[in-house]
Structure formats: structure tokens, C-alpha cells
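K.L.:
Structure supplied as structure_27.txt; contents: compact mmCIF, C-alpha atoms.
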# COMPACT_ATOMS: atom_id res chain seq x y z
CA MET A 1 0.00 0.00 0.00
CA PHE A 2 2.94 2.34 0.66
CA THR A 3 4.03 1.96 -2.95
CA GLN A 4 0.70 3.31 -4.20
CA PHE A 5 0.73 6.28 -1.82
CA PHE A 6 4.36 6.96 -2.66
CA GLY A 7 3.31 7.01 -6.33
CA ASN A 8 0.68 9.62 -5.50
CA TYR A 9 3.34 11.66 -3.72
CA LEU A 10 5.59 11.61 -6.80
CA LEU A 11 2.62 12.76 -8.91
CA ARG A 12 1.73 15.61 -6.56
CA ARG A 13 5.34 16.77 -6.52
CA GLN A 14 5.22 16.64 -10.33
CA LEU A 15 8.28 14.41 -10.34
CA VAL A 16 6.53 12.05 -12.75
CA SER A 17 3.51 12.22 -15.03
CA SER A 18 0.43 10.06 -14.61
CA GLU A 19 1.38 8.11 -17.76
CA GLN A 20 4.94 7.50 -16.55
CA LEU A 21 3.69 6.32 -13.17
CA SER A 22 1.13 3.98 -14.72
CA GLU A 23 3.77 2.51 -16.99
CA ALA A 24 6.22 2.03 -14.12
CA LEU A 25 3.59 0.42 -11.93
CA GLN A 26 2.76 -2.02 -14.70
CA ILE A 27 6.39 -2.90 -15.41
CA GLN A 28 7.10 -3.23 -11.71
CA LYS A 29 4.21 -5.67 -11.44
CA ASN A 30 5.86 -7.95 -13.95
CA THR A 31 9.26 -7.90 -12.34
CA ARG A 32 8.55 -7.83 -8.62
CA LEU A 33 9.88 -10.68 -6.56
CA LYS A 34 7.48 -12.24 -4.10
CA LEU A 35 7.94 -14.36 -0.99
CA GLY A 36 7.07 -17.51 -2.90
CA VAL A 37 9.72 -16.92 -5.54
CA LEU A 38 12.26 -16.07 -2.85
CA ALA A 39 11.39 -19.26 -1.01
CA ILE A 40 11.80 -21.30 -4.19
CA ASN A 41 15.04 -19.50 -4.94
CA ALA A 42 16.32 -20.34 -1.47
CA GLY A 43 15.35 -23.98 -1.92
CA LEU A 44 12.92 -23.83 1.00
CA MET A 45 9.72 -24.53 -0.96
CA THR A 46 8.67 -26.24 -4.17
CA ALA A 47 6.60 -24.36 -6.76
CA ASP A 48 3.71 -26.69 -5.99
CA GLN A 49 3.82 -25.74 -2.29
CA VAL A 50 3.83 -22.06 -3.22
CA GLU A 51 0.74 -22.57 -5.41
CA LYS A 52 -1.02 -24.36 -2.57
CA ALA A 53 -0.17 -21.57 -0.14
CA HIS A 54 -1.49 -18.95 -2.58
CA ASP A 55 -4.71 -20.94 -3.02
CA ARG A 56 -5.15 -21.08 0.76
CA GLN A 57 -4.44 -17.36 1.10
CA GLN A 58 -7.25 -16.52 -1.33
CA ARG A 59 -9.70 -18.01 1.16
CA ALA A 60 -8.24 -16.45 4.28
CA ASP A 61 -7.60 -12.80 5.04
CA LYS A 62 -3.99 -13.52 6.02
CA ARG A 63 -0.50 -12.69 4.87
CA ILE A 64 1.12 -15.25 2.62
CA GLY A 65 3.98 -15.76 5.07
CA ASP A 66 1.54 -16.65 7.86
CA VAL A 67 -0.21 -19.10 5.54
CA MET A 68 3.09 -20.75 4.60
CA VAL A 69 3.96 -21.15 8.28
CA GLU A 70 0.50 -22.54 9.08
CA MET A 71 0.87 -25.08 6.28
CA GLY A 72 4.23 -26.16 7.63
CA PHE A 73 6.22 -25.04 4.58
CA LEU A 74 8.32 -22.43 6.38
CA THR A 75 9.19 -21.47 9.92
CA LYS A 76 8.51 -17.96 11.17
CA ASP A 77 12.24 -17.30 11.25
CA GLN A 78 12.61 -18.34 7.61
CA VAL A 79 9.77 -16.03 6.57
CA GLU A 80 11.37 -13.15 8.42
CA GLU A 81 14.70 -13.87 6.82
CA LEU A 82 13.18 -13.97 3.34
CA LEU A 83 11.20 -10.79 3.94
CA ARG A 84 14.40 -9.04 4.92
CA THR A 85 15.82 -9.81 1.50
CA GLN A 86 12.63 -8.98 -0.40
CA PRO A 87 12.85 -5.70 -2.33
CA THR A 88 9.94 -3.54 -1.21
CA GLY A 89 7.50 -2.19 -3.76
CA HIS A 90 8.31 1.48 -3.45
CA LEU A 91 11.98 0.74 -4.07
CA LEU A 92 11.11 -1.25 -7.17
CA LEU A 93 8.81 1.54 -8.31
CA GLY A 94 11.58 4.07 -7.82
CA GLN A 95 14.11 1.86 -9.56
CA THR A 96 11.74 1.40 -12.50
CA LEU A 97 11.26 5.16 -12.84
CA VAL A 98 15.01 5.72 -12.69
CA ASP A 99 15.67 2.93 -15.20
CA LYS A 100 13.17 4.48 -17.60
CA GLY A 101 14.90 7.83 -17.22
CA TYR A 102 11.82 9.51 -15.74
CA MET A 103 13.64 10.37 -12.52
CA SER A 104 17.25 10.69 -11.49
CA ASN A 105 18.65 8.64 -8.62
CA ALA A 106 19.07 11.81 -6.63
CA GLN A 107 15.44 12.86 -7.21
CA PHE A 108 14.25 9.47 -6.08
CA GLU A 109 16.42 9.46 -2.97
CA SER A 110 15.31 12.96 -2.07
CA ALA A 111 11.62 12.23 -2.73
CA LEU A 112 11.74 9.09 -0.60
CA LYS A 113 13.43 10.93 2.27
CA SER A 114 10.94 13.82 2.30
CA TYR A 115 8.00 11.45 1.83
CA LYS A 116 9.00 9.47 4.91
CA GLU A 117 9.56 12.63 6.93
CA GLU A 118 6.25 14.23 5.94
CA ASN A 119 4.34 11.08 6.85
CA SER A 120 6.41 10.18 9.91
CA LEU A 121 7.22 6.82 8.38
CA SER A 122 10.14 4.65 9.43
CA ASP A 123 11.96 2.19 7.19
CA SER A 124 10.03 -0.68 8.76
CA ASP A 125 6.75 1.17 8.13
CA MET A 126 7.64 1.22 4.45
CA ASN A 127 7.96 -2.56 4.40
CA ASN A 128 4.29 -3.02 3.62
CA THR A 129 3.80 -5.34 6.57
CA ASP A 130 2.63 -3.13 9.40
CA GLU A 131 -1.14 -2.75 9.28
CA ASN A 132 -1.25 0.08 11.81
CA ALA A 133 1.31 2.07 9.84
CA ALA A 134 -0.82 1.57 6.72
CA LYS A 135 -3.87 2.85 8.57
CA LYS A 136 -1.90 5.84 9.81
CA LEU A 137 -0.95 6.63 6.24
CA VAL A 138 -4.56 6.35 5.07
CA ALA A 139 -5.80 8.56 7.93
CA GLY A 140 -3.18 11.18 7.07
CA PHE A 141 -3.76 11.09 3.33
CA TYR A 142 -7.52 11.43 3.63
CA ASN A 143 -7.29 13.80 6.60
CA ILE A 144 -9.39 11.55 8.84
CA SER A 145 -9.05 12.42 12.53
CA SER A 146 -9.08 9.63 15.09
CA GLY A 147 -11.95 8.48 17.29
CA GLY A 148 -15.63 7.64 16.86
CA GLY A 149 -16.88 6.76 13.40
CA SER A 150 -13.59 7.82 11.83
CA ASP A 151 -12.08 4.48 12.87
CA TYR A 152 -14.62 2.80 10.61
CA ALA A 153 -13.65 5.15 7.77
CA VAL A 154 -9.92 4.48 8.16
CA ASN A 155 -10.42 0.73 8.41
CA TYR A 156 -12.84 0.75 5.48
CA VAL A 157 -10.54 2.70 3.17
CA SER A 158 -7.46 0.70 4.23
CA LEU A 159 -9.33 -2.50 3.39
CA ILE A 160 -10.28 -1.10 -0.05
CA PHE A 161 -6.59 -0.83 -0.93
CA LYS A 162 -5.83 -4.23 0.53
CA ASN A 163 -8.62 -5.83 -1.49
CA LEU A 164 -7.65 -3.96 -4.66
CA ILE A 165 -4.14 -5.38 -4.32
CA ARG A 166 -5.56 -8.83 -3.58
CA PHE A 167 -8.30 -9.05 -6.22
CA ILE A 168 -7.64 -6.45 -8.95
CA GLY A 169 -3.93 -5.61 -9.03
CA ASP A 170 -1.38 -3.39 -7.34
CA ASP A 171 -0.76 -1.11 -10.33
CA PHE A 172 -2.95 1.71 -9.00
CA THR A 173 -2.42 5.13 -7.51
CA PRO A 174 -4.77 6.61 -4.88
CA MET A 175 -5.89 10.10 -5.91
CA GLU A 176 -7.04 13.03 -3.77
CA PRO A 177 -10.52 12.58 -2.25
CA PHE A 178 -13.37 14.92 -3.14
CA ALA A 179 -17.04 15.52 -2.33
CA LEU A 180 -19.84 14.54 -4.70
CA LYS A 181 -21.29 17.55 -6.50
CA GLU A 182 -23.19 16.20 -9.47
CA PRO A 183 -25.08 13.07 -10.48
CA ILE A 184 -22.92 10.02 -11.08
CA LYS A 185 -23.16 7.27 -13.70
CA ASN A 186 -22.60 3.51 -13.76
CA VAL A 187 -23.02 3.03 -10.04
CA VAL A 188 -23.13 -0.02 -7.77
CA LEU A 189 -24.57 0.74 -4.32
CA GLN A 190 -24.68 -1.29 -1.13
CA ASN A 191 -26.02 -0.09 2.20
CA ILE A 192 -24.57 -1.30 5.49
CA SER A 193 -26.49 -1.09 8.76
CA GLY A 194 -26.00 -2.17 12.35
CA SER A 195 -23.47 -0.66 14.76
CA THR A 196 -22.91 2.02 12.12
CA ASN A 197 -24.89 3.00 9.03
CA MET A 198 -22.99 3.45 5.80
CA THR A 199 -23.79 3.84 2.14
CA THR A 200 -21.05 2.49 -0.10
CA LEU A 201 -20.73 2.90 -3.86
CA ILE A 202 -18.45 2.17 -6.77
CA TYR A 203 -18.77 4.17 -9.97
CA ALA A 204 -16.64 4.67 -13.06
CA GLU A 205 -16.74 5.30 -16.78
CA LYS A 206 -18.02 2.21 -18.56
CA PRO A 207 -14.73 1.09 -20.19
CA ALA A 208 -12.94 1.30 -16.83
CA LEU A 209 -15.74 -0.59 -15.09
CA ILE A 210 -15.60 -3.34 -17.71
CA GLU A 211 -11.83 -3.75 -17.30
CA PHE A 212 -12.21 -3.69 -13.51
CA ALA A 213 -14.79 -6.48 -13.77
CA SER A 214 -12.56 -8.46 -16.15
CA ARG A 215 -9.69 -8.38 -13.70
CA PHE A 216 -11.88 -9.38 -10.77
CA ALA A 217 -13.55 -12.23 -12.67
CA LYS A 218 -10.25 -13.25 -14.32
CA GLU A 219 -12.10 -13.46 -17.63
CA GLU A 220 -12.75 -11.16 -20.59
CA MET A 221 -15.98 -9.23 -20.33
CA SER A 222 -17.89 -8.88 -23.59
CA GLY A 223 -19.11 -5.39 -22.73
CA ASP A 224 -21.31 -3.36 -20.47
CA ASP A 225 -24.03 -5.87 -19.68
CA GLU A 226 -25.79 -7.39 -16.71
CA TYR A 227 -22.96 -9.85 -16.13
CA THR A 228 -20.37 -7.07 -15.87
CA GLN A 229 -22.60 -5.18 -13.44
CA ALA A 230 -23.08 -8.35 -11.38
CA CYS A 231 -19.34 -8.82 -11.26
CA VAL A 232 -18.66 -5.30 -9.92
CA SER A 233 -21.58 -5.75 -7.51
CA GLU A 234 -19.94 -8.89 -6.19
CA PHE A 235 -16.67 -7.05 -5.62
CA ILE A 236 -18.37 -4.47 -3.38
CA ASN A 237 -20.31 -7.23 -1.64
CA LEU A 238 -17.14 -9.20 -1.03
CA HIS A 239 -15.28 -6.13 0.20
CA ASN A 240 -18.11 -5.07 2.51
CA GLY A 241 -18.45 -8.64 3.76
CA LEU A 242 -14.78 -8.80 4.68
CA PHE A 243 -15.13 -5.39 6.34
CA ALA A 244 -18.07 -6.71 8.41
CA VAL A 245 -16.00 -9.76 9.41
CA ASN A 246 -13.12 -7.50 10.53
CA VAL A 247 -15.48 -5.26 12.54
CA SER A 248 -17.06 -8.31 14.17
CA ASN A 249 -13.67 -9.81 15.03
CA ASP A 250 -12.20 -6.52 16.29
CA THR A 251 -15.15 -5.07 18.20
CA GLY A 252 -17.76 -7.82 18.56
CA LYS A 253 -20.23 -5.54 16.77
CA GLU A 254 -22.31 -6.85 13.91
CA LEU A 255 -23.01 -5.16 10.60
CA GLN A 256 -25.75 -6.16 8.19
CA LEU A 257 -25.31 -5.85 4.43
CA GLU A 258 -28.22 -5.14 2.13
CA PRO A 259 -28.50 -6.46 -1.44
CA GLN A 260 -26.55 -4.36 -3.95
CA CYS A 261 -28.24 -2.22 -6.62
CA TYR A 262 -26.93 -1.01 -9.97
CA TYR A 263 -27.87 2.41 -11.41
CA ASP A 264 -27.08 3.74 -14.89
CA GLU A 265 -27.39 7.21 -13.37
CA MET A 266 -27.91 8.32 -9.78
CA ASP A 267 -28.62 11.69 -8.20
CA ILE A 268 -26.66 12.48 -5.06
CA LYS A 269 -29.47 13.51 -2.72
CA GLY A 270 -28.65 12.28 0.75
CA LEU A 271 -24.98 11.90 -0.13
CA SER A 272 -23.89 15.43 0.77
CA LYS A 273 -21.41 14.08 3.32
CA ALA A 274 -20.13 11.39 1.01
CA CYS A 275 -16.42 11.17 0.39
CA VAL A 276 -15.12 9.95 -2.98
CA VAL A 277 -11.91 7.93 -2.93
CA PRO A 278 -10.70 7.79 -6.54
CA VAL A 279 -8.16 5.18 -7.57
CA HIS A 280 -6.25 5.52 -10.81
CA TYR A 281 -5.53 2.32 -12.74
CA PRO A 282 -3.88 2.18 -16.17
CA PHE A 283 -7.33 1.39 -17.62
CA GLY A 284 -9.09 4.33 -15.94
CA VAL A 285 -10.30 5.73 -12.65
CA ILE A 286 -12.45 3.70 -10.26
CA ASN A 287 -14.29 5.76 -7.66
CA PHE A 288 -15.19 4.40 -4.24
CA VAL A 289 -17.73 6.41 -2.25
CA ILE A 290 -18.35 6.18 1.47
CA ALA A 291 -21.17 8.04 3.20
CA MET A 292 -21.56 7.60 6.95
CA MET B 1 -26.92 -35.75 -8.41
CA LYS B 2 -28.96 -32.59 -8.45
CA ILE B 3 -27.47 -29.41 -7.02
CA MET B 4 -29.27 -26.10 -6.51
CA ILE B 5 -27.39 -22.80 -6.56
CA CYS B 6 -29.23 -19.89 -4.99
CA ASP B 7 -27.65 -16.45 -5.33
CA ASP B 8 -29.05 -13.14 -6.58
CA SER B 9 -25.81 -12.47 -8.49
CA MET B 10 -25.61 -14.01 -11.97
CA PHE B 11 -21.84 -13.65 -11.69
CA VAL B 12 -21.70 -15.78 -8.54
CA ARG B 13 -24.18 -18.31 -9.99
CA LYS B 14 -21.95 -18.76 -13.04
CA LYS B 15 -18.76 -19.12 -10.98
CA MET B 16 -20.49 -21.53 -8.61
CA LYS B 17 -21.94 -23.55 -11.49
CA ASP B 18 -18.46 -23.81 -13.05
CA ALA B 19 -17.09 -25.03 -9.70
CA VAL B 20 -19.90 -27.57 -9.26
CA LEU B 21 -19.50 -28.97 -12.78
CA ALA B 22 -15.72 -29.12 -12.39
CA ALA B 23 -16.22 -31.33 -9.32
CA ALA B 24 -19.27 -33.24 -10.54
CA PRO B 25 -19.52 -33.07 -14.37
CA ASP B 26 -22.71 -35.16 -14.44
CA ALA B 27 -24.53 -33.06 -11.86
CA GLU B 28 -27.81 -31.45 -12.81
CA VAL B 29 -27.67 -27.80 -11.74
CA VAL B 30 -30.81 -25.91 -10.77
CA GLU B 31 -30.61 -22.14 -10.21
CA ALA B 32 -32.63 -19.82 -7.96
CA PHE B 33 -32.33 -16.04 -7.75
CA ASP B 34 -33.57 -15.44 -4.22
CA GLY B 35 -34.58 -17.28 -1.06
CA GLN B 36 -38.25 -17.54 -2.01
CA GLN B 37 -37.40 -19.14 -5.35
CA ALA B 38 -35.13 -21.58 -3.54
CA VAL B 39 -37.97 -22.65 -1.23
CA ASP B 40 -40.40 -22.96 -4.14
CA LYS B 41 -37.95 -24.92 -6.28
CA TYR B 42 -36.88 -27.18 -3.41
CA THR B 43 -40.30 -28.77 -3.21
CA ALA B 44 -40.44 -29.32 -6.97
CA GLU B 45 -36.84 -30.30 -7.63
CA LYS B 46 -35.74 -32.02 -4.38
CA PRO B 47 -32.02 -31.27 -4.94
CA ASP B 48 -29.41 -33.39 -3.14
CA LEU B 49 -27.41 -30.33 -2.15
CA ILE B 50 -27.98 -26.57 -2.09
CA PHE B 51 -25.46 -23.71 -2.12
CA MET B 52 -27.27 -20.69 -0.67
CA ASP B 53 -26.23 -17.05 -0.48
CA ILE B 54 -27.32 -15.13 2.64
CA ILE B 55 -27.82 -11.54 1.48
CA MET B 56 -30.59 -11.64 -1.11
CA PRO B 57 -33.70 -9.62 -1.92
CA VAL B 58 -37.26 -10.93 -1.30
CA LYS B 59 -36.14 -13.61 1.19
CA ASN B 60 -32.65 -13.93 2.63
CA GLY B 61 -30.68 -17.15 2.79
CA VAL B 62 -31.18 -17.90 6.49
CA GLU B 63 -34.96 -17.46 6.18
CA ALA B 64 -34.98 -19.75 3.14
CA LEU B 65 -32.80 -22.28 4.98
CA THR B 66 -35.23 -22.31 7.90
CA GLU B 67 -38.20 -22.93 5.60
CA ILE B 68 -36.43 -25.65 3.64
CA MET B 69 -35.44 -27.45 6.86
CA ALA B 70 -39.09 -27.30 7.96
CA ILE B 71 -40.03 -29.02 4.69
CA ASP B 72 -37.23 -31.59 4.84
CA LYS B 73 -35.11 -32.14 7.94
CA LYS B 74 -32.53 -34.03 5.87
CA ALA B 75 -31.96 -31.20 3.37
CA LYS B 76 -28.29 -30.36 2.85
CA VAL B 77 -27.97 -26.60 2.60
CA VAL B 78 -24.53 -24.98 2.42
CA MET B 79 -24.53 -21.28 3.24
CA ALA B 80 -22.12 -19.27 1.05
CA SER B 81 -21.47 -15.69 2.07
CA SER B 82 -18.85 -12.98 2.13
CA VAL B 83 -20.01 -12.15 5.66
CA GLY B 84 -18.54 -15.06 7.61
CA THR B 85 -19.04 -13.48 11.02
CA GLN B 86 -19.55 -15.55 14.17
CA GLU B 87 -23.14 -14.30 14.29
CA ASN B 88 -23.91 -15.44 10.74
CA LEU B 89 -22.21 -18.78 11.36
CA LYS B 90 -24.25 -19.22 14.55
CA GLN B 91 -27.51 -18.35 12.81
CA ALA B 92 -26.74 -20.72 9.96
CA ILE B 93 -25.82 -23.59 12.28
CA LEU B 94 -28.90 -23.04 14.48
CA ALA B 95 -31.10 -23.04 11.39
CA GLY B 96 -29.62 -26.38 10.33
CA ALA B 97 -26.98 -25.50 7.71
CA TYR B 98 -24.93 -28.42 6.42
CA ASP B 99 -21.80 -26.29 6.01
CA PHE B 100 -20.61 -22.69 5.54
CA LEU B 101 -18.51 -21.32 2.68
CA GLN B 102 -16.69 -18.00 2.98
CA LYS B 103 -16.64 -16.08 -0.31
CA PRO B 104 -14.74 -15.75 -2.58
CA ILE B 105 -15.68 -19.26 -3.57
CA GLU B 106 -12.82 -21.64 -4.27
CA ASN B 107 -13.38 -24.66 -6.53
CA ASP B 108 -11.53 -26.95 -4.10
CA ASP B 109 -13.91 -26.06 -1.27
CA VAL B 110 -16.94 -26.72 -3.45
CA ALA B 111 -15.46 -30.08 -4.52
CA LYS B 112 -14.80 -31.10 -0.90
CA ILE B 113 -18.36 -30.29 0.13
CA ILE B 114 -19.84 -32.21 -2.80
CA SER B 115 -17.62 -35.16 -1.99
CA LYS B 116 -18.70 -35.06 1.68
CA ALA B 117 -22.38 -34.76 0.75
CA LEU B 118 -22.17 -37.79 -1.57
CA LYS B 119 -20.88 -40.11 1.18
What does the file become when written as C-alpha cells?
P.N.:
Amino acid sequence: MFTQFFGNYLLRRQLVSSEQLSEALQIQKNTRLKLGVLAINAGLMTADQVEKAHDRQQRADKRIGDVMVEMGFLTKDQVEELLRTQPTGHLLLGQTLVDKGYMSNAQFESALKSYKEENSLSDSDMNNTDENAAKKLVAGFYNISSGGGSDYAVNYVSLIFKNLIRFIGDDFTPMEPFALKEPIKNVVLQNISGSTNMTTLIYAEKPALIEFASRFAKEEMSGDDEYTQACVSEFINLHNGLFAVNVSNDTGKELQLEPQCYYDEMDIKGLSKACVVPVHYPFGVINFVIAM
Amino acid sequence: MKIMICDDSMFVRKKMKDAVLAAAPDAEVVEAFDGQQAVDKYTAEKPDLIFMDIIMPVKNGVEALTEIMAIDKKAKVVMASSVGTQENLKQAILAGAYDFLQKPIENDDVAKIISKALK
């Protein structure tokens, strides 16, 4: 998640263009080493064991290293050792931008230093493994103060990024949030009730929504039809379901999800306090909306 | 073997049907779009196994499960939901669910449940 926010920082500082960042994120995706590959490289796991661990991880909201330990493939110490040698995403992103000639080494080094200082992030925070540090980053980026319902907002938005990385791809950049001012198109809505009431939405231009659905379903979508809408609806349902599970586990409070609805066009009455969290993918912008 | 898939999402029904047919190619698959349809179709179709979503319009999955168990105590209904909270698990178990699947659905899990149900 730090990689994506670091990408946003580089954009805001006008150190790279949106196109350059998208390209780098895509290239980085193809070249990034993962724990499984490192474990195979170190002779600690077979490729088959790595596949099995990844399959298990898809069903459990856990880190891959924890899954590999649970399955008896690695010890905790081995995972820690491998993670120490794993290049972190933001470094790979920076290296990719430097390799492409979009940034100098000095610019990258300077940007990374000031980014960490501005966000009070340590080197270990940047390792993508500390959930609390990730939440701190989200709270800071979206200017969400602590306490009360804001904890829900921070946890909800943090989980969006986690689920995007898990189900859609990590080649995105979070963009600045904004308030809804005009009717929106191509919208999936799901209401949440219980210990807190929330309205959640996803909307996007049709081509972006179709590509989003294709990635989630891992199949080509023929176009903007009921199946594509159902696919995006299932993403929000899955995300909200996992959010409800986290809230239940963390606080003992229960949330109820209502069936999702799709709208070709929607007015924004009742959503005056809604916050839009736009996410830029190479195929377009996907907007997540949270109203509490 | 006849298997009913009840989910209001055509996307989930397709993925679930693919998973069922991968595990049991000869299975006859019956689909329902909401809990009420599942109850209505249960009486007519008498499926051997049902995969049932929880959050659905008209009648939710737990209500449908309760009604199906009242019709047939031996019905095998697997609840499949993204909301695998303790409360939902408890409700499903109390209402007589055969098993519980946390979404996203994995083909291996579906195959294991079908294999268990056939024994």
C-alpha cells in the first residue's frame, strides 16, 4: 500500500507524469519478486507448495507468510529472513522510474526521504507489513481524525486498498478525495447497517468498469451488460463482507449488508457528506464512495 | 446428483456452477435467484445439495434455509457468504446449515463439500 501512496506523492510533486507512473507500476508488477519466488530460490519450498499456499491465502484474510507457516512449509524465522531480502514495492517503483529515465537517482532518494519525513514513516513502516502504519498513512492522506466513526472510515478505506491489491492488481495510484457535487453514472450501491450506518458505492466510466470487472472475474468481459454489473456488484459485496468480518472480530459488533443495486445514473441527494476515494488504474479511474 | 445454486448475483451463480460442474460433471444444476425461489424450487426439484447465499432480496438465505429445513429435515444446505461473522455462522448452524462457505468461492472447497455430501 505504501508503494501506491508513494506514487501519489511523486505525482503531486510533479516528479513524474500520470502516464509515466502507470507505466512504471505495470512494469514493476511484472518484475517484482514475491515471498514464494524467494522461497523457491532459497530452496525452501517447491513451486507446488507455493501454489497451494497462494490458493489457501485466497480463502483467508492472512498474509502469505503466515499461511506458509501454518501449512508447515516455512518457519517464522525463515519467513522473516526472506522478507528481509525482499525488495519492497516502493523501491522497485523508484528503480523502474530511474531505469526508464523519468527520474534521477538523486530525485528518487530525495523524494523518498521527504515522503518518509512528511508522513512520519520509518523504514520498517515502508515494508508493507505493518497494518497500523498503513492505517496511519490512510488517515493522514484522507485527513481523517481519530476516534468515533472515523475508525470505521480508516479501516474501510485501508481495506479497499488491501482488497484492490488482492483481487484487482497493485498497479494503481490513490488520488485526492473529493465531495460529490453532481449526479454520477454507472453506479453499484450497497447499504450497510448495524453498529454504524454506511452507504457504499463504486462508480466509473463504462470502459474502466468493464476492465475492472474483467480483472476481478479473471475473464474477458464482452461489454457493459448485466454480467459485468453483477461482477462489480460482487466485488463491493465481497469487500463489505470482509469489512463486516473485521469489525465483528475486532469489536464484537455486527453489521448487516443489504443487497446491492446497480444504477445507470444516480442523483446524489442524501450523499452530501459522502467522500469519494478515486483510484487511478492504467485502464481508468475507479471511484469508491463512502457516506456515513 | 442434483445441485441447486441460490444467489441473486448471476456472476456468482456462473462461478459456482463452473465449480460444481468441475467437481461433478454429471450433476444437474438448478438455479434460484432469491430465497423464495429456492424454497419454491426445493419442493419441486428435491435437490441433493444446495449452495445458498445469505444476502438476497425478497427472502434472505437464512430465512430460506429455515423454511427448507421445515419441509425436509434431511436437506443439505450450504450457506455461502462474504459475511462469515460468528453471528452469521451461529444463525446458519442453528437453522440447520450443512456447512458454511466464505466467499470468494474456491473450486476446491466446493469439490470437498460435494464429496462429503455424496458419502
K.L.:
Work out how far apart atom CA of Ala208 of chain A and atom CA of Ser82 of chain B are and give it in Å to one decimal.
P.N.:
24.5 Å
K.L.:
Between atom CA of Pro183 of chain A and atom CA of Gln4 of chain A, what is the distance in Å, rounded to a tenth?
P.N.:
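About the pair atom CA of Pro183 of chain A and atom CA of Gln4 of chain A: they are 28.3 Å apart.
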K.L.:
What does the structure give for the distance between atom CA of Lys185 of chain A and atom CA of Glu211 of chain A, in Å to one decimal?
P.N.:
16.2 Å
K.L.:
Within 10 Å of Val29 of chain B, counting only C-alpha atoms, which residues show up once you throw out same-chain ones fewer than 3 positions away? Write them as a list in words, please.
P.N.:
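The neighbour list is Met1, Lys2, Ile3, Met4, Ile5, Lys17, Val20, Leu21, Asp26, Pro47, Leu49 and Ile50 of chain B.
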K.L.:
Name the residues in contact with Asp225 of chain A at a cut-off of 12 Å, using all atoms listed in the file, excluding same-chain residues fewer than 4 positions from it; report them as a ChimeraX atom specification.
P.N.:
/A:186,206-207,209-210,213,221,229-232,262,264 /B:10-11
K.L.:
Using only C-alpha atoms, which residues sit within 12 Å of Val83 of chain B once same-chain residues fewer than 5 positions away are excluded, as a ChimeraX atom specification?
P.N.:
/A:192,236-249,254-258 /B:53-55,88-89,92,100-104
K.L.:
Could those selected residues go to a file with C-alpha atoms, as a PDB file, keeping the file's coordinate frame?
P.N.:
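The file below, out.pdb, is the result:
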ATOM      1  CA  ILE A 192     -24.570  -1.300   5.490  1.00  0.00           C
ATOM      2  CA  ILE A 236     -18.370  -4.470  -3.380  1.00  0.00           C
ATOM      3  CA  ASN A 237     -20.310  -7.230  -1.640  1.00  0.00           C
ATOM      4  CA  LEU A 238     -17.140  -9.200  -1.030  1.00  0.00           C
ATOM      5  CA  HIS A 239     -15.280  -6.130   0.200  1.00  0.00           C
ATOM      6  CA  ASN A 240     -18.110  -5.070   2.510  1.00  0.00           C
ATOM      7  CA  GLY A 241     -18.450  -8.640   3.760  1.00  0.00           C
ATOM      8  CA  LEU A 242     -14.780  -8.800   4.680  1.00  0.00           C
ATOM      9  CA  PHE A 243     -15.130  -5.390   6.340  1.00  0.00           C
ATOM     10  CA  ALA A 244     -18.070  -6.710   8.410  1.00  0.00           C
ATOM     11  CA  VAL A 245     -16.000  -9.760   9.410  1.00  0.00           C
ATOM     12  CA  ASN A 246     -13.120  -7.500  10.530  1.00  0.00           C
ATOM     13  CA  VAL A 247     -15.480  -5.260  12.540  1.00  0.00           C
ATOM     14  CA  SER A 248     -17.060  -8.310  14.170  1.00  0.00           C
ATOM     15  CA  ASN A 249     -13.670  -9.810  15.030  1.00  0.00           C
ATOM     16  CA  GLU A 254     -22.310  -6.850  13.910  1.00  0.00           C
ATOM     17  CA  LEU A 255     -23.010  -5.160  10.600  1.00  0.00           C
ATOM     18  CA  GLN A 256     -25.750  -6.160   8.190  1.00  0.00           C
ATOM     19  CA  LEU A 257     -25.310  -5.850   4.430  1.00  0.00           C
ATOM     20  CA  GLU A 258     -28.220  -5.140   2.130  1.00  0.00           C
TER      21      GLU A 258
ATOM     22  CA  ASP B  53     -26.230 -17.050  -0.480  1.00  0.00           C
ATOM     23  CA  ILE B  54     -27.320 -15.130   2.640  1.00  0.00           C
ATOM     24  CA  ILE B  55     -27.820 -11.540   1.480  1.00  0.00           C
ATOM     25  CA  ASN B  88     -23.910 -15.440  10.740  1.00  0.00           C
ATOM     26  CA  LEU B  89     -22.210 -18.780  11.360  1.00  0.00           C
ATOM     27  CA  ALA B  92     -26.740 -20.720   9.960  1.00  0.00           C
ATOM     28  CA  PHE B 100     -20.610 -22.690   5.540  1.00  0.00           C
ATOM     29  CA  LEU B 101     -18.510 -21.320   2.680  1.00  0.00           C
ATOM     30  CA  GLN B 102     -16.690 -18.000   2.980  1.00  0.00           C
ATOM     31  CA  LYS B 103     -16.640 -16.080  -0.310  1.00  0.00           C
ATOM     32  CA  PRO B 104     -14.740 -15.750  -2.580  1.00  0.00           C
TER      33      PRO B 104
END
K.L.:
List the residues sitting within 9 Å of (-21.0, -30.8, 0.4) in the file's frame, using all atoms listed in the file, as a ChimeraX atom specification.
P.N.:
/B:49-51,76-78,98-99,109-118
